[in-house]
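Beneath this line is the structure, given in structure tokens, with notes to follow.
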Amino acid sequence: MGKIKIKETVDKEIFYHPCVKCGSDNINFDDCGYSSFNVAWGRCNDCGNKVTISPCDCFIKVERIINVWNEENDPAILKSKYEAEIEKYKELINNLPKI
Ligand SMILES: [Zn+2]
């Protein structure tokens with residue numbers, strides 16, 4: 001029995017967080033399309049809040065750009081990051097010589 005490989009295109013919905021700065025979901029995800037030193041971004045069309053992936057692969061997928069956008073615009077992820085920063089600075093303060 002013969003076998004061939006075919007390429008299929010599937011439409012899928014990808015959800016992303018609204019802009020953490022202004023709440024808009026009017027976000028542009030795109031890349032320059034350069035074959036080398038390509039740059040991709042997610043940018044809020046209302047306030048200009050932007051994440052950038054630079055350099056990135058010339059065949060970067062929108063899913064990857066959205067993952068980066070979500071990491072920088074998900075309040076839960078940001079809260080965890082900020083809390084880790086607070087703990088780091090608390091430790092630095094505690095390790096300072098006593099005045
Ligand atoms: Zn915005």
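Residue numbering restarts at 1 in every chain; chains get A, B, ... in the order shown in the structure tokens, and ligands count up from 1 in that same order.
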Give me the residues within 12 Å of Ile66 in chain A as a count of residues only, counting only C-alpha atoms and dropping any in the same chain fewer than 4 places off.
28
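Proximal residues of ligand 1 are Cys19, Val20, Lys21, Cys22, Gly23, Ser24, Cys44, Asn45, Asp46, Cys47, Gly48 and Asn49 of chain A, by a cut-off of 7 Å on only C-alpha atoms and all ligand atoms.
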Only C-alpha atoms, please: the residues just picked out, written as an mmCIF file, in the first residue's frame.
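part_21.cif, written as the output of this step:
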```
data_model
loop_
_atom_site.group_PDB
_atom_site.id
_atom_site.type_symbol
_atom_site.label_atom_id
_atom_site.label_comp_id
_atom_site.auth_asym_id
_atom_site.auth_seq_id
_atom_site.Cartn_x
_atom_site.Cartn_y
_atom_site.Cartn_z
ATOM 1 C CA CYS A 19 -3.448 44.823 27.064
ATOM 2 C CA VAL A 20 -2.445 45.015 30.714
ATOM 3 C CA LYS A 21 -1.939 48.792 30.460
ATOM 4 C CA CYS A 22 -5.261 49.891 28.952
ATOM 5 C CA GLY A 23 -7.505 46.803 28.764
ATOM 6 C CA SER A 24 -7.855 46.876 24.981
ATOM 7 C CA CYS A 44 -1.637 47.382 21.469
ATOM 8 C CA ASN A 45 -3.207 49.575 18.806
ATOM 9 C CA ASP A 46 -4.766 51.818 21.460
ATOM 10 C CA CYS A 47 -1.907 52.645 23.844
ATOM 11 C CA GLY A 48 1.213 51.338 22.081
ATOM 12 C CA ASN A 49 2.117 48.773 24.766
#
```
List every residue of chain A that DSSP, applied to the backbone of this structure, assigns to strand (DSSP E or B), and report them as an mmCIF file with C-alpha atoms, in the first residue's frame.
```cif
data_model
loop_
_atom_site.group_PDB
_atom_site.id
_atom_site.type_symbol
_atom_site.label_atom_id
_atom_site.label_comp_id
_atom_site.auth_asym_id
_atom_site.auth_seq_id
_atom_site.Cartn_x
_atom_site.Cartn_y
_atom_site.Cartn_z
ATOM 1 C CA ILE A 27 -3.680 43.953 19.442
ATOM 2 C CA ASN A 28 -1.536 43.614 16.333
ATOM 3 C CA PHE A 29 0.660 40.495 16.129
ATOM 4 C CA ASP A 30 3.134 40.532 13.273
ATOM 5 C CA ASP A 31 6.757 40.229 12.213
ATOM 6 C CA ASN A 38 13.757 38.982 11.989
ATOM 7 C CA VAL A 39 11.754 40.877 14.590
ATOM 8 C CA ALA A 40 8.248 39.970 15.781
ATOM 9 C CA TRP A 41 5.896 41.927 18.002
ATOM 10 C CA GLY A 42 2.579 42.179 19.703
ATOM 11 C CA ARG A 43 1.449 45.807 19.946
ATOM 12 C CA CYS A 44 -1.637 47.382 21.469
ATOM 13 C CA LYS A 50 4.440 46.386 22.933
ATOM 14 C CA VAL A 51 6.326 43.129 23.350
ATOM 15 C CA THR A 52 9.152 42.301 20.966
ATOM 16 C CA ILE A 53 10.913 39.074 20.031
ATOM 17 C CA SER A 54 14.264 40.000 18.535
ATOM 18 C CA PRO A 55 15.871 38.292 16.820
ATOM 19 C CA CYS A 56 13.413 35.554 15.959
#
```
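Across the structure, CA of Val68 in chain A and CA of Thr9 in chain A are spaced 23.5 Å apart.
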As a PDB file with C-alpha atoms, in the first residue's frame, please: all residues of range 45-95 of chain A that backbone DSSP puts in helix (DSSP H, G or I).
```
ATOM      1  CA  VAL A  62       1.665  33.823  15.676  1.00  0.00           C
ATOM      2  CA  GLU A  63       1.188  31.350  18.548  1.00  0.00           C
ATOM      3  CA  ARG A  64       4.744  32.014  19.704  1.00  0.00           C
ATOM      4  CA  ILE A  65       4.247  35.788  19.559  1.00  0.00           C
ATOM      5  CA  ILE A  66       0.989  35.435  21.502  1.00  0.00           C
ATOM      6  CA  ASN A  67       2.749  33.318  24.151  1.00  0.00           C
ATOM      7  CA  VAL A  68       5.229  36.132  24.708  1.00  0.00           C
ATOM      8  CA  TRP A  69       2.441  38.709  24.716  1.00  0.00           C
ATOM      9  CA  ASN A  70       0.481  36.689  27.270  1.00  0.00           C
ATOM     10  CA  GLU A  71       3.500  36.362  29.575  1.00  0.00           C
ATOM     11  CA  GLU A  72       3.783  40.151  29.665  1.00  0.00           C
ATOM     12  CA  ASN A  73       0.054  40.909  29.822  1.00  0.00           C
ATOM     13  CA  PRO A  75      -2.009  39.838  35.516  1.00  0.00           C
ATOM     14  CA  ALA A  76      -1.497  36.498  37.330  1.00  0.00           C
ATOM     15  CA  ILE A  77       1.907  35.911  35.707  1.00  0.00           C
ATOM     16  CA  LEU A  78       2.944  39.530  36.315  1.00  0.00           C
ATOM     17  CA  LYS A  79       1.868  39.324  39.967  1.00  0.00           C
ATOM     18  CA  SER A  80       4.046  36.218  40.462  1.00  0.00           C
ATOM     19  CA  LYS A  81       7.005  37.926  38.775  1.00  0.00           C
ATOM     20  CA  TYR A  82       6.605  41.082  40.878  1.00  0.00           C
ATOM     21  CA  GLU A  83       6.256  39.071  44.093  1.00  0.00           C
ATOM     22  CA  ALA A  84       9.471  37.188  43.247  1.00  0.00           C
ATOM     23  CA  GLU A  85      11.189  40.557  42.682  1.00  0.00           C
ATOM     24  CA  ILE A  86       9.913  41.801  46.051  1.00  0.00           C
ATOM     25  CA  GLU A  87      11.321  38.695  47.785  1.00  0.00           C
ATOM     26  CA  LYS A  88      14.643  39.172  46.007  1.00  0.00           C
ATOM     27  CA  TYR A  89      14.885  42.786  47.173  1.00  0.00           C
ATOM     28  CA  LYS A  90      13.801  41.879  50.723  1.00  0.00           C
ATOM     29  CA  GLU A  91      16.717  39.435  50.869  1.00  0.00           C
ATOM     30  CA  LEU A  92      19.118  42.054  49.471  1.00  0.00           C
ATOM     31  CA  ILE A  93      17.923  44.532  52.129  1.00  0.00           C
ATOM     32  CA  ASN A  94      18.320  41.921  54.873  1.00  0.00           C
TER      33      ASN A  94
END
```
